[in-house]
file entry.cif (mmCIF, C-alpha atoms and all ligand atoms)
data_final
loop_
_atom_site.label_atom_id
_atom_site.label_comp_id
_atom_site.auth_asym_id
_atom_site.auth_seq_id
_atom_site.Cartn_x
_atom_site.Cartn_y
_atom_site.Cartn_z
CA MET F 1 32.03 -16.70 39.43
CA ASP F 2 29.99 -13.86 37.95
CA LYS F 3 29.70 -13.83 34.19
CA LYS F 4 31.92 -11.27 32.48
CA ILE F 5 30.09 -8.34 31.00
CA THR F 6 30.32 -8.06 27.22
CA LEU F 7 28.14 -4.94 26.85
CA LEU F 8 27.36 -2.26 29.37
CA ILE F 9 25.05 0.73 28.99
CA LYS F 10 25.46 3.43 31.61
CA ASN F 11 24.04 6.83 32.37
CA ILE F 12 20.54 6.10 31.06
CA GLY F 13 18.24 9.04 31.89
CA GLN F 14 15.04 6.99 31.59
CA LEU F 15 15.50 3.24 31.48
CA ILE F 16 12.12 1.94 30.25
CA THR F 17 12.29 -1.63 31.57
CA MET F 18 8.59 -2.59 31.05
CA ASP F 19 9.04 -4.75 34.18
CA GLY F 20 5.56 -5.43 35.59
CA PRO F 21 2.40 -7.22 34.50
CA VAL F 22 2.34 -9.18 31.22
CA PRO F 23 0.21 -8.29 29.34
CA ARG F 24 -0.41 -4.67 30.30
CA LEU F 25 -4.12 -3.93 30.78
CA GLY F 26 -6.09 -0.78 31.69
CA ASN F 27 -4.18 1.69 33.85
CA ASP F 28 -1.13 -0.57 33.94
CA LEU F 29 -0.49 0.39 30.31
CA ASN F 30 0.93 3.63 31.70
CA ASN F 31 3.41 1.77 33.89
CA LEU F 32 6.71 1.61 32.02
CA GLY F 33 8.80 0.32 34.93
CA ILE F 34 11.13 3.32 34.64
CA ILE F 35 14.52 3.43 36.37
CA GLU F 36 15.99 6.92 36.38
CA ASN F 37 19.73 7.12 35.88
CA GLY F 38 19.83 3.43 35.11
CA GLY F 39 22.33 0.97 33.74
CA ILE F 40 22.22 -2.41 32.00
CA ALA F 41 24.81 -5.18 32.01
CA VAL F 42 24.79 -7.85 29.31
CA ALA F 43 26.78 -11.09 29.07
CA GLY F 44 26.67 -12.71 25.65
CA ASN F 45 23.08 -12.49 24.48
CA GLU F 46 21.53 -12.15 27.93
CA ILE F 47 20.68 -9.28 30.26
CA ILE F 48 22.39 -10.05 33.56
CA ASN F 49 21.78 -6.91 35.58
CA VAL F 50 19.39 -3.96 35.45
CA SER F 51 19.86 -1.32 38.09
CA SER F 52 21.12 2.20 38.75
CA SER F 53 24.02 3.30 36.61
CA ASP F 54 26.31 3.62 39.66
CA GLU F 55 25.53 0.14 40.89
CA ILE F 56 26.09 -1.42 37.46
CA GLU F 57 29.41 0.38 36.99
CA GLY F 58 30.54 -0.31 40.55
CA LYS F 59 30.39 -4.08 40.61
CA SER F 60 31.18 -5.04 37.08
CA THR F 61 33.79 -7.40 35.72
CA LEU F 62 34.17 -6.38 32.12
CA SER F 63 35.38 -8.75 29.43
CA ASP F 64 38.44 -7.54 27.49
CA ASP F 65 36.41 -6.55 24.46
CA CYS F 66 33.40 -5.21 26.41
CA ILE F 67 31.43 -2.52 24.58
CA VAL F 68 30.61 0.37 26.92
CA ILE F 69 27.88 2.76 25.79
CA ASP F 70 27.38 6.04 27.61
CA ALA F 71 23.70 6.86 26.98
CA ASP F 72 24.35 10.47 27.98
CA ARG F 73 21.06 10.72 29.97
CA ALA F 74 18.96 9.51 27.04
CA VAL F 75 16.09 7.00 26.95
CA VAL F 76 16.64 3.25 26.53
CA THR F 77 13.75 0.90 25.72
CA PRO F 78 13.39 -2.78 24.91
CA GLY F 79 13.81 -3.64 21.23
CA LEU F 80 10.48 -2.93 19.56
CA ILE F 81 8.26 -5.78 18.34
CA ASP F 82 6.21 -5.41 15.16
CA PRO F 83 3.49 -8.11 15.35
CA HIS F 84 1.85 -7.77 11.89
CA THR F 85 3.72 -7.26 8.61
CA HIS F 86 3.62 -8.38 4.97
CA PRO F 87 7.24 -7.60 4.03
CA VAL F 88 7.85 -10.16 1.25
CA PHE F 89 6.97 -8.53 -2.06
CA SER F 90 8.66 -7.04 -5.09
CA MET F 91 6.30 -4.66 -6.90
CA THR F 92 5.18 -1.53 -5.07
CA ARG F 93 1.71 -0.04 -5.66
CA GLU F 94 2.11 3.72 -5.61
CA MET F 95 -0.42 3.97 -8.46
CA GLU F 96 -3.08 2.72 -6.05
CA PHE F 97 -2.05 5.33 -3.49
CA GLU F 98 -2.67 7.98 -6.16
CA MET F 99 -6.00 6.38 -7.10
CA ARG F 100 -7.09 6.60 -3.46
CA ILE F 101 -6.12 10.25 -3.29
CA ALA F 102 -8.30 10.73 -6.37
CA GLY F 103 -11.22 9.18 -4.46
CA LYS F 104 -11.25 5.42 -5.17
CA THR F 105 -11.63 3.09 -2.18
CA TYR F 106 -9.36 0.16 -1.31
CA MET F 107 -12.14 -2.32 -2.19
CA GLU F 108 -12.97 -0.61 -5.51
CA ILE F 109 -9.33 -0.94 -6.53
CA ALA F 110 -9.23 -4.58 -5.35
CA ASN F 111 -12.45 -5.50 -7.18
CA ALA F 112 -11.06 -4.04 -10.39
CA GLY F 113 -8.20 -6.58 -10.19
CA GLY F 114 -5.69 -4.41 -8.32
CA GLY F 115 -4.83 -4.74 -4.65
CA ILE F 116 -3.60 -8.05 -3.26
CA ARG F 117 -4.23 -9.87 -6.58
CA ALA F 118 -1.94 -7.46 -8.43
CA SER F 119 0.80 -8.24 -5.91
CA VAL F 120 0.13 -11.97 -6.35
CA ARG F 121 0.56 -11.82 -10.14
CA ASP F 122 3.88 -10.05 -9.64
CA LEU F 123 5.20 -12.26 -6.85
CA ARG F 124 4.50 -15.49 -8.67
CA SER F 125 6.91 -14.51 -11.43
CA THR F 126 9.57 -12.98 -9.16
CA PRO F 127 12.65 -15.10 -8.39
CA LYS F 128 13.26 -15.96 -4.75
CA GLU F 129 16.63 -14.18 -4.76
CA THR F 130 14.96 -10.88 -5.73
CA LEU F 131 12.42 -11.32 -2.95
CA ILE F 132 15.19 -12.01 -0.43
CA ASN F 133 17.08 -8.85 -1.43
CA LYS F 134 14.02 -6.60 -1.36
CA THR F 135 12.73 -7.98 1.92
CA LYS F 136 16.18 -7.68 3.49
CA HIS F 137 16.24 -4.01 2.59
CA ARG F 138 12.91 -3.49 4.41
CA LEU F 139 14.15 -5.40 7.46
CA ASP F 140 17.30 -3.25 7.55
CA ARG F 141 15.07 -0.19 7.66
CA MET F 142 12.89 -1.68 10.43
CA LEU F 143 16.01 -2.45 12.45
CA SER F 144 17.22 1.13 12.05
CA TYR F 145 13.88 2.21 13.58
CA GLY F 146 14.48 0.09 16.68
CA VAL F 147 12.55 -3.04 15.70
CA THR F 148 14.21 -6.31 16.77
CA THR F 149 11.38 -8.86 16.30
CA VAL F 150 8.90 -8.96 13.40
CA GLU F 151 5.96 -11.18 12.56
CA ALA F 152 6.04 -11.76 8.78
CA LYS F 153 3.24 -13.14 6.63
CA SER F 154 3.05 -14.90 3.30
CA GLY F 155 -0.15 -14.19 1.34
CA TYR F 156 1.05 -12.85 -2.01
CA GLY F 157 1.50 -16.30 -3.56
CA LEU F 158 -1.92 -17.93 -3.15
CA SER F 159 -0.68 -21.18 -4.68
CA THR F 160 1.15 -23.92 -2.83
CA ASP F 161 4.50 -23.24 -4.50
CA SER F 162 4.37 -19.46 -4.30
CA GLU F 163 3.22 -19.41 -0.68
CA ILE F 164 6.07 -21.76 0.17
CA LYS F 165 8.48 -19.57 -1.79
CA GLN F 166 7.48 -16.62 0.42
CA LEU F 167 7.75 -18.63 3.64
CA GLU F 168 11.20 -19.84 2.57
CA VAL F 169 12.27 -16.23 2.05
CA ILE F 170 11.16 -15.52 5.62
CA LYS F 171 12.99 -18.61 6.89
CA GLU F 172 16.22 -17.69 5.13
CA LEU F 173 16.13 -14.09 6.36
CA ASN F 174 15.38 -15.25 9.88
CA GLN F 175 18.64 -17.19 9.74
CA ASN F 176 20.71 -14.42 8.17
CA HIS F 177 19.30 -11.15 9.48
CA PRO F 178 19.61 -9.77 13.03
CA ILE F 179 15.83 -9.35 13.29
CA ASP F 180 13.96 -12.40 14.59
CA LEU F 181 11.14 -13.25 12.18
CA ILE F 182 7.98 -15.08 13.27
CA PRO F 183 6.44 -16.70 10.16
CA THR F 184 2.69 -16.67 9.44
CA PHE F 185 0.91 -18.53 6.65
CA LEU F 186 -1.64 -16.26 4.96
CA GLY F 187 -2.81 -18.39 2.02
CA ALA F 188 -6.31 -17.09 2.77
CA HIS F 189 -5.38 -13.48 2.00
CA GLU F 190 -7.62 -13.37 -1.08
CA ILE F 191 -9.23 -15.70 -3.63
CA PRO F 192 -6.68 -15.91 -6.48
CA ASP F 193 -7.68 -14.94 -10.05
CA GLU F 194 -7.97 -18.55 -11.27
CA TYR F 195 -10.48 -19.56 -8.56
CA ARG F 196 -12.79 -16.51 -8.58
CA GLU F 197 -15.59 -18.65 -10.05
CA ASN F 198 -14.79 -21.66 -7.90
CA ARG F 199 -13.81 -20.48 -4.45
CA GLU F 200 -14.75 -23.80 -2.77
CA GLU F 201 -11.99 -25.46 -4.78
CA TYR F 202 -9.39 -22.96 -3.51
CA ILE F 203 -10.61 -23.45 0.07
CA ASN F 204 -10.19 -27.21 -0.40
CA ILE F 205 -6.63 -26.68 -1.64
CA LEU F 206 -5.92 -24.46 1.37
CA ILE F 207 -7.20 -27.07 3.79
CA ASN F 208 -6.04 -30.28 2.14
CA GLU F 209 -2.82 -29.26 0.43
CA MET F 210 -1.35 -25.94 1.54
CA ILE F 211 -1.82 -26.08 5.33
CA PRO F 212 -0.52 -29.69 5.61
CA LYS F 213 2.53 -28.87 3.46
CA VAL F 214 3.36 -25.71 5.42
CA VAL F 215 3.08 -27.62 8.70
CA GLU F 216 5.03 -30.62 7.42
CA ASN F 217 7.90 -28.36 6.39
CA ASN F 218 7.70 -26.38 9.62
CA LEU F 219 7.42 -23.11 7.71
CA ALA F 220 4.90 -21.22 9.85
CA GLU F 221 3.91 -20.74 13.47
CA PHE F 222 0.61 -18.96 12.78
CA SER F 223 -2.23 -19.10 10.26
CA ASP F 224 -3.92 -15.82 9.33
CA ILE F 225 -6.96 -14.99 7.17
CA PHE F 226 -8.58 -11.87 5.67
CA THR F 227 -12.11 -12.15 7.14
CA GLU F 228 -13.91 -9.37 5.31
CA GLU F 229 -16.98 -8.72 3.17
CA GLY F 230 -16.01 -9.70 -0.39
CA VAL F 231 -13.04 -11.80 0.74
CA TYR F 232 -13.58 -14.71 3.23
CA ASN F 233 -16.88 -14.71 5.11
CA THR F 234 -17.03 -15.85 8.73
CA GLU F 235 -18.25 -19.33 7.86
CA GLU F 236 -15.38 -19.93 5.44
CA SER F 237 -12.95 -18.35 7.91
CA ARG F 238 -14.08 -20.66 10.72
CA LYS F 239 -13.62 -23.72 8.50
CA ILE F 240 -10.14 -22.73 7.26
CA GLN F 241 -8.84 -21.58 10.62
CA GLN F 242 -10.21 -24.62 12.44
CA ALA F 243 -8.30 -26.80 9.96
CA ALA F 244 -5.14 -24.77 10.56
CA LYS F 245 -5.58 -25.08 14.30
CA ASP F 246 -6.15 -28.83 14.04
CA ALA F 247 -2.92 -29.04 12.05
CA GLY F 248 -1.02 -27.35 14.89
CA LEU F 249 -0.87 -23.69 13.85
CA LYS F 250 -1.79 -20.82 16.19
CA LEU F 251 -4.26 -18.31 14.82
CA LYS F 252 -4.38 -14.68 13.75
CA PHE F 253 -7.17 -12.82 11.94
CA HIS F 254 -7.47 -9.73 9.75
CA ALA F 255 -10.79 -8.83 11.37
CA ASP F 256 -13.34 -6.03 10.94
CA GLU F 257 -10.85 -3.94 8.93
CA LEU F 258 -13.24 -2.34 6.44
CA LYS F 259 -16.65 -3.46 7.74
CA SER F 260 -18.03 -5.09 10.87
CA VAL F 261 -18.47 -8.76 9.98
CA GLY F 262 -17.98 -10.54 13.30
CA GLY F 263 -14.27 -11.25 12.78
CA ALA F 264 -13.38 -10.30 16.34
CA GLU F 265 -16.04 -12.62 17.78
CA LEU F 266 -14.74 -15.47 15.61
CA ALA F 267 -11.14 -14.84 16.67
CA ALA F 268 -12.18 -14.99 20.32
CA GLU F 269 -14.28 -18.13 19.71
CA LEU F 270 -11.28 -19.94 18.19
CA ASN F 271 -8.88 -18.69 20.89
CA ALA F 272 -6.78 -16.83 18.34
CA THR F 273 -3.51 -15.36 19.56
CA SER F 274 -4.48 -12.05 17.96
CA ALA F 275 -7.25 -10.26 16.07
CA ASP F 276 -5.87 -7.44 13.98
CA HIS F 277 -7.20 -4.14 12.53
CA LEU F 278 -10.61 -4.05 14.33
CA VAL F 279 -11.50 -0.59 13.01
CA TYR F 280 -15.16 -1.60 12.75
CA ILE F 281 -15.28 -4.01 15.72
CA SER F 282 -18.80 -4.31 17.19
CA ALA F 283 -19.67 -3.80 20.86
CA ALA F 284 -20.14 -7.58 21.12
CA GLY F 285 -16.75 -8.07 19.47
CA ILE F 286 -15.07 -5.89 22.10
CA LYS F 287 -16.74 -7.88 24.88
CA ALA F 288 -15.75 -11.21 23.29
CA ILE F 289 -12.10 -10.19 22.88
CA ALA F 290 -11.98 -8.72 26.40
CA LYS F 291 -13.10 -12.06 27.85
CA SER F 292 -10.58 -14.04 25.78
CA LYS F 293 -6.78 -14.12 25.75
CA THR F 294 -6.78 -12.76 22.17
CA VAL F 295 -4.65 -9.63 21.70
CA ALA F 296 -6.08 -6.75 19.64
CA VAL F 297 -3.39 -5.58 17.22
CA LEU F 298 -4.25 -2.07 16.02
CA LEU F 299 -2.83 -0.72 12.77
CA PRO F 300 -3.34 3.04 12.61
CA GLY F 301 -0.96 3.33 9.65
CA THR F 302 -3.52 1.47 7.54
CA THR F 303 -6.36 3.89 8.29
CA PHE F 304 -3.92 6.74 7.70
CA SER F 305 -2.72 5.41 4.35
CA LEU F 306 -6.23 4.47 3.19
CA ALA F 307 -7.17 8.10 3.98
CA GLY F 308 -9.81 6.72 6.34
CA LYS F 309 -11.66 8.83 8.85
CA GLN F 310 -12.31 6.13 11.42
CA TYR F 311 -9.56 4.62 13.58
CA ALA F 312 -9.96 1.51 15.75
CA PRO F 313 -11.76 2.36 19.03
CA ALA F 314 -8.67 1.86 21.18
CA ARG F 315 -9.88 3.80 24.23
CA LYS F 316 -13.09 1.80 24.41
CA MET F 317 -11.14 -1.44 24.11
CA ILE F 318 -8.70 -0.44 26.86
CA GLU F 319 -11.62 0.57 29.10
CA GLU F 320 -13.24 -2.82 28.60
CA GLY F 321 -10.09 -4.77 29.40
CA VAL F 322 -8.81 -5.72 25.94
CA VAL F 323 -5.06 -6.33 25.51
CA VAL F 324 -3.99 -3.75 22.92
CA ALA F 325 -0.86 -3.87 20.74
CA LEU F 326 0.26 -1.71 17.79
CA SER F 327 1.86 -2.63 14.48
CA THR F 328 2.82 -1.10 11.12
CA ASP F 329 0.98 -3.61 8.87
CA CYS F 330 3.94 -2.92 6.54
CA ASN F 331 2.69 -3.93 3.05
CA PRO F 332 2.66 -2.47 -0.48
CA GLY F 333 -1.09 -1.77 -0.54
CA SER F 334 -2.68 -0.39 2.58
CA SER F 335 0.30 0.73 4.72
CA PHE F 336 3.79 1.08 3.31
CA SER F 337 5.85 1.99 6.35
CA GLU F 338 8.59 0.26 8.31
CA SER F 339 8.39 2.77 11.16
CA LEU F 340 6.80 1.46 14.35
CA PRO F 341 7.65 4.70 16.21
CA PHE F 342 5.50 6.61 13.69
CA MET F 343 2.58 4.34 14.66
CA THR F 344 2.86 5.72 18.20
CA SER F 345 2.28 9.23 16.79
CA LEU F 346 -0.86 8.07 14.98
CA ALA F 347 -2.01 6.12 18.04
CA ALA F 348 -1.58 9.21 20.19
CA LEU F 349 -3.20 11.71 17.86
CA GLN F 350 -5.94 9.55 16.31
CA MET F 351 -6.69 6.95 18.98
CA LYS F 352 -5.90 9.09 22.05
CA LEU F 353 -3.31 6.76 23.53
CA THR F 354 -0.78 8.26 25.92
CA ALA F 355 2.87 7.91 24.95
CA ALA F 356 3.27 5.33 27.72
CA GLU F 357 0.29 3.29 26.51
CA ALA F 358 1.67 3.31 22.98
CA ILE F 359 5.10 2.15 24.18
CA SER F 360 3.49 -0.71 26.14
CA ALA F 361 1.66 -1.60 22.92
CA ILE F 362 4.89 -1.95 20.87
CA THR F 363 6.87 -3.86 23.49
CA VAL F 364 5.34 -6.04 26.19
CA ASN F 365 1.89 -6.33 24.58
CA SER F 366 3.15 -6.85 21.05
CA ALA F 367 5.22 -9.73 22.47
CA CYS F 368 1.91 -11.26 23.64
CA ALA F 369 0.46 -10.78 20.13
CA ILE F 370 3.08 -13.24 18.83
CA ASP F 371 2.86 -15.56 21.83
CA ARG F 372 6.17 -14.35 23.27
CA GLY F 373 4.74 -12.61 26.36
CA GLY F 374 7.32 -12.44 29.14
CA LYS F 375 10.06 -13.71 26.82
CA ILE F 376 10.90 -10.50 24.94
CA GLY F 377 9.76 -6.85 25.04
CA GLN F 378 11.11 -6.17 28.53
CA ILE F 379 14.49 -5.29 30.04
CA ILE F 380 14.73 -7.83 32.84
CA LYS F 381 17.56 -10.04 34.08
CA GLY F 382 17.57 -13.33 32.16
CA LEU F 383 15.84 -12.06 29.01
CA PRO F 384 17.61 -11.63 25.65
CA ALA F 385 19.43 -8.31 25.35
CA ASP F 386 17.26 -6.59 22.70
CA LEU F 387 17.70 -2.88 23.42
CA VAL F 388 17.31 0.54 21.80
CA VAL F 389 19.23 3.68 22.76
CA TRP F 390 17.24 6.75 21.68
CA ASP F 391 18.10 10.30 20.83
CA MET F 392 15.56 11.64 23.33
CA ALA F 393 15.65 12.59 26.99
CA ASP F 394 11.96 11.90 27.69
CA TYR F 395 10.02 8.89 26.34
CA ARG F 396 7.06 11.15 25.46
CA GLU F 397 9.12 12.47 22.59
CA MET F 398 8.51 9.23 20.67
CA PRO F 399 4.98 10.13 19.43
CA TYR F 400 5.55 13.87 19.67
CA HIS F 401 8.69 14.21 17.51
CA TYR F 402 7.26 12.42 14.48
CA GLY F 403 8.38 11.47 11.00
CA VAL F 404 12.10 11.35 11.81
CA ASN F 405 14.27 8.55 13.14
CA LEU F 406 15.18 9.11 16.81
CA VAL F 407 17.01 5.80 17.20
CA LYS F 408 20.71 6.03 17.99
CA LYS F 409 21.73 2.42 18.57
CA VAL F 410 20.08 -0.98 18.37
CA ILE F 411 21.31 -4.06 20.23
CA LYS F 412 19.98 -7.50 19.29
CA ASN F 413 20.87 -10.52 21.41
CA GLY F 414 23.66 -8.52 23.03
CA LYS F 415 25.24 -7.37 19.74
CA LEU F 416 25.32 -3.82 18.40
CA VAL F 417 23.47 -4.17 15.08
CA ALA F 418 22.56 -0.60 14.17
CA ASN F 419 24.60 2.45 14.98
CA ASN F 420 22.72 5.40 13.47
CA CYS F 421 24.59 8.00 15.55
O1 LIG G 501 -3.55 -5.78 6.34
N1 LIG G 501 -6.21 -6.47 4.47
C1 LIG G 501 -5.49 -7.31 4.00
N2 LIG G 501 -4.16 -7.29 3.95
C2 LIG G 501 -3.37 -6.11 4.04
C3 LIG G 501 -3.33 -5.38 2.75
C4 LIG G 501 -2.54 -6.12 1.78
C5 LIG G 501 -2.41 -5.42 0.44
O2 LIG G 501 -3.22 -4.55 0.09
O3 LIG G 501 -1.47 -5.81 -0.25
C6 LIG G 501 -3.80 -5.29 5.24
O4 LIG G 501 -4.34 -4.19 5.12
FE FE G 502 -2.27 -6.95 7.21
#

call {"tool": "encode", "arguments": {"input": "entry.cif", "output": "structure tokens"}}
result
Amino acid sequence: MDKKITLLIKNIGQLITMDGPVPRLGNDLNNLGIIENGGIAVAGNEIINVSSSDEIEGKSTLSDDCIVIDADRAVVTPGLIDPHTHPVFSMTREMEFEMRIAGKTYMEIANAGGGIRASVRDLRSTPKETLINKTKHRLDRMLSYGVTTVEAKSGYGLSTDSEIKQLEVIKELNQNHPIDLIPTFLGAHEIPDEYRENREEYINILINEMIPKVVENNLAEFSDIFTEEGVYNTEESRKIQQAAKDAGLKLKFHADELKSVGGAELAAELNATSADHLVYISAAGIKAIAKSKTVAVLLPGTTFSLAGKQYAPARKMIEEGVVVALSTDCNPGSSFSESLPFMTSLAALQMKLTAAEAISAITVNSACAIDRGGKIGQIIKGLPADLVVWDMADYREMPYHYGVNLVKKVIKNGKLVANNC
């Protein structure tokens, strides 16, 4: 017997299924797998039928408490996937934002003891409960913007206990919040204050104490590192990330964010799942990433909030066959935003992506950036029912109608979890 439908969405003007190749490359990025006048049937947490609205309504056995949503000719997309965030922090850093407006650079502020190290000093003395409450608030906001899966990094502890405290916050929220959280260990986010004169010692602790403990306690799926001039050089990055890989973690890199240092090439060499930022990626870096399976996660909100002039060369990457995804980089320093839809506006205006390319980059391709390609980010029979009903009749409105929330309803695993209007 057919499963009874527990949630049905009918009368969808543009049903953006994202059915098609995973990942999306080149011209395929413009293929959204659209069904006009579509419908979706869900049983429990699973999509069981995707078709025309008439067909879905015609042959449906509804459960007694079935939720029926009339989309009123609007757009429905898969739940959005944010593949790079730093959401666990207490103190905000608006004073640095003002310093940047007054002309200081991100690195000048960091070298003067601000930046990541300022967040570390604060986080170490913040109780876990406070971190849980503040992070939950940010996740609620992400959810209201249509985001149903989020990669979340540690990296503001930089000691074994404080890094674990952050990863435990992520673990607890993953269990108690509708958003699925994918945890990443970022102990190599900076060199902490107490090891500035003895960085080798901190690298030893990372390799011999922190990574083994994180793995032993099953607290992270990925290991990330800030490979940048003045932070971790490529040699140190190779050593740390190789150790993480040997311990069973998959890899991510903050690469070529502020300068070209060969981070992209290193990410490709180590078969990283993703290389992120890439504003200053070299021509060789683009070629290396294009040849690999590594996804390029672009973070236009960071360039925007650092008042930068140069955005990642997205068009060149797409032309050369790189898998491109987009993310907020949500963090208190370089990009304080929970809005993935706003990143599509920046991607369109500053990186010349079409609306369709940007939507591919926050669904099917961002799933690949967290090693979930083909499992989420698409509306296909058999996949989890992560869905967004939008207050727009044409998907191109997403980048165009910026700075406001166009999400009406969010469904996670078949349950209505945000009902904005
Ligand atoms: O992705 N670049 C390193 N990490 C973050 C910034 C973190 C911070 O400033 O607190 C980034 O830009
Ligand atoms: Fe980041």

call {"tool": "residues_around", "arguments": {"input": "entry.cif", "residues": "segment 278-293 of chain F", "least_positions_apart": "2", "cutoff": "6 Å", "atoms": "all atoms listed in the file", "output": "NGL selection string"}}
result
:F and (255-257 or 259-260 or 264-265 or 268 or 276 or 311-312 or 321-322)

call {"tool": "closest_residue", "arguments": {"input": "entry.cif", "among": "F:Val75, F:Ala358, F:Ile35, F:Leu353", "to": "Val388 of chain F", "atoms": "only C-alpha atoms"}}
result
F:Val75

call {"tool": "residues_around", "arguments": {"input": "entry.cif", "residues": "segment 393-395 of chain F", "least_positions_apart": "6", "cutoff": "12 Å", "atoms": "all atoms listed in the file", "output": "VMD selection string"}}
result
chain F and resid 11 to 17 30 32 34 36 to 37 71 to 77 341 344 354 to 360 401 406 to 407

call {"tool": "closest_atom_pairs", "arguments": {"input": "entry.cif", "of": "chain F", "to": "ligand LIG 501 (chain G)", "cutoff": "7 Å", "atoms": "only C-alpha atoms and all ligand atoms", "output": "Markdown table"}}
result
| residue | atom | partner | partner_atom | distance |
| --- | --- | --- | --- | --- |
| F:Gly115 | CA | G:LIG501 | O2 | 5.0 |
| F:Ile116 | CA | G:LIG501 | O3 | 4.3 |
| F:Ser119 | CA | G:LIG501 | O3 | 6.6 |
| F:His189 | CA | G:LIG501 | C1 | 6.5 |
| F:Phe226 | CA | G:LIG501 | C1 | 5.8 |
| F:His254 | CA | G:LIG501 | N1 | 6.3 |
| F:Glu257 | CA | G:LIG501 | N1 | 6.9 |
| F:Thr302 | CA | G:LIG501 | O4 | 6.2 |
| F:Asp329 | CA | G:LIG501 | O1 | 5.6 |
| F:Asn331 | CA | G:LIG501 | O3 | 5.6 |
| F:Pro332 | CA | G:LIG501 | O3 | 5.3 |
| F:Gly333 | CA | G:LIG501 | O2 | 3.6 |
| F:Ser334 | CA | G:LIG501 | O4 | 4.9 |
| F:Ser335 | CA | G:LIG501 | O4 | 6.8 |

call {"tool": "atom_distance", "arguments": {"input": "entry.cif", "atom1": "atom CA of Leu416 of chain F", "atom2": "atom CA of Phe89 of chain F"}}
result
27.9 Å

call {"tool": "closest_residue", "arguments": {"input": "entry.cif", "among": "F:Asp386, F:Glu94, F:Asp224, F:Asp28", "to": "ligand FE 502 (chain G)", "atoms": "only C-alpha atoms and all ligand atoms"}}
result
F:Asp224

call {"tool": "closest_residue", "arguments": {"input": "entry.cif", "among": "F:Ser60, F:Thr184, F:Ser90, F:Asn204", "to": "ligand FE 502 (chain G)", "atoms": "only C-alpha atoms and all ligand atoms"}}
result
F:Thr184

call {"tool": "atom_distance", "arguments": {"input": "entry.cif", "atom1": "atom CA of Ser162 of chain F", "atom2": "atom CA of Val88 of chain F"}}
result
11.4 Å

call {"tool": "atom_distance", "arguments": {"input": "entry.cif", "atom1": "atom CA of Leu7 of chain F", "atom2": "atom CA of Gly58 of chain F"}}
result
14.7 Å

call {"tool": "closest_residue", "arguments": {"input": "entry.cif", "among": "F:Thr303, F:Thr92, F:Ser366, F:Gln310", "to": "Thr273 of chain F", "atoms": "all atoms listed in the file"}}
result
F:Ser366

call {"tool": "closest_residue", "arguments": {"input": "entry.cif", "among": "F:Ile47, F:Leu306, F:Ile203, F:Val214", "to": "Glu98 of chain F", "atoms": "only C-alpha atoms"}}
result
F:Leu306

call {"tool": "residues_around", "arguments": {"input": "entry.cif", "residues": "Gly301 of chain F", "least_positions_apart": "6", "cutoff": "9 Å", "atoms": "only C-alpha atoms", "output": "ChimeraX atom specification"}}
result
/F:327-330,334-337,342-343,346-347

call {"tool": "closest_residue", "arguments": {"input": "entry.cif", "among": "F:Gly38, F:Gly44, F:Gly414, F:Pro87", "to": "ligand FE 502 (chain G)", "atoms": "all atoms listed in the file"}}
result
F:Pro87

call {"tool": "residues_around", "arguments": {"input": "entry.cif", "residues": "Arg124 of chain F", "least_positions_apart": "3", "cutoff": "7 Å", "atoms": "all atoms listed in the file", "output": "PDB file with C-alpha atoms, in the frame of the given file"}}
result
ATOM      1  CA  VAL F 120       0.130 -11.970  -6.350  1.00  0.00           C
ATOM      2  CA  ARG F 121       0.560 -11.820 -10.140  1.00  0.00           C
ATOM      3  CA  GLY F 157       1.500 -16.300  -3.560  1.00  0.00           C
ATOM      4  CA  SER F 162       4.370 -19.460  -4.300  1.00  0.00           C
TER       5      SER F 162
END

call {"tool": "residues_around", "arguments": {"input": "entry.cif", "residues": "Asp64 of chain F", "least_positions_apart": "2", "cutoff": "12 Å", "atoms": "all atoms listed in the file", "output": "PyMOL selection string"}}
result
chain F and resi 4-7+61-62+66-68

call {"tool": "write_last_selection", "arguments": {"input": "entry.cif", "atoms": "C-alpha atoms", "output": "PDB file, keeping the file's coordinate frame"}}
result
ATOM      1  CA  LYS F   4      31.920 -11.270  32.480  1.00  0.00           C
ATOM      2  CA  ILE F   5      30.090  -8.340  31.000  1.00  0.00           C
ATOM      3  CA  THR F   6      30.320  -8.060  27.220  1.00  0.00           C
ATOM      4  CA  LEU F   7      28.140  -4.940  26.850  1.00  0.00           C
ATOM      5  CA  THR F  61      33.790  -7.400  35.720  1.00  0.00           C
ATOM      6  CA  LEU F  62      34.170  -6.380  32.120  1.00  0.00           C
ATOM      7  CA  CYS F  66      33.400  -5.210  26.410  1.00  0.00           C
ATOM      8  CA  ILE F  67      31.430  -2.520  24.580  1.00  0.00           C
ATOM      9  CA  VAL F  68      30.610   0.370  26.920  1.00  0.00           C
TER      10      VAL F  68
END

call {"tool": "decode", "arguments": {"input": "entry.cif", "residues": "segment 19-31 of chain F", "atoms": "C-alpha atoms", "output": "JSON list (two decimals), in the first residue's frame"}}
result
[["chain", "number", "residue", "atom", "x", "y", "z"],
["F", 19, "ASP", "CA", 17.20, 17.24, -10.27],
["F", 20, "GLY", "CA", 20.12, 16.64, -12.66],
["F", 21, "PRO", "CA", 23.90, 16.32, -12.43],
["F", 22, "VAL", "CA", 25.63, 16.35, -9.03],
["F", 23, "PRO", "CA", 27.69, 18.47, -8.76],
["F", 24, "ARG", "CA", 26.60, 21.14, -11.22],
["F", 25, "LEU", "CA", 29.45, 22.25, -13.50],
["F", 26, "GLY", "CA", 29.73, 24.83, -16.31],
["F", 27, "ASN", "CA", 26.50, 25.44, -18.21],
["F", 28, "ASP", "CA", 24.64, 22.89, -16.08],
["F", 29, "LEU", "CA", 24.74, 25.40, -13.22],
["F", 30, "ASN", "CA", 21.88, 27.13, -15.01],
["F", 31, "ASN", "CA", 19.77, 23.98, -15.00]]
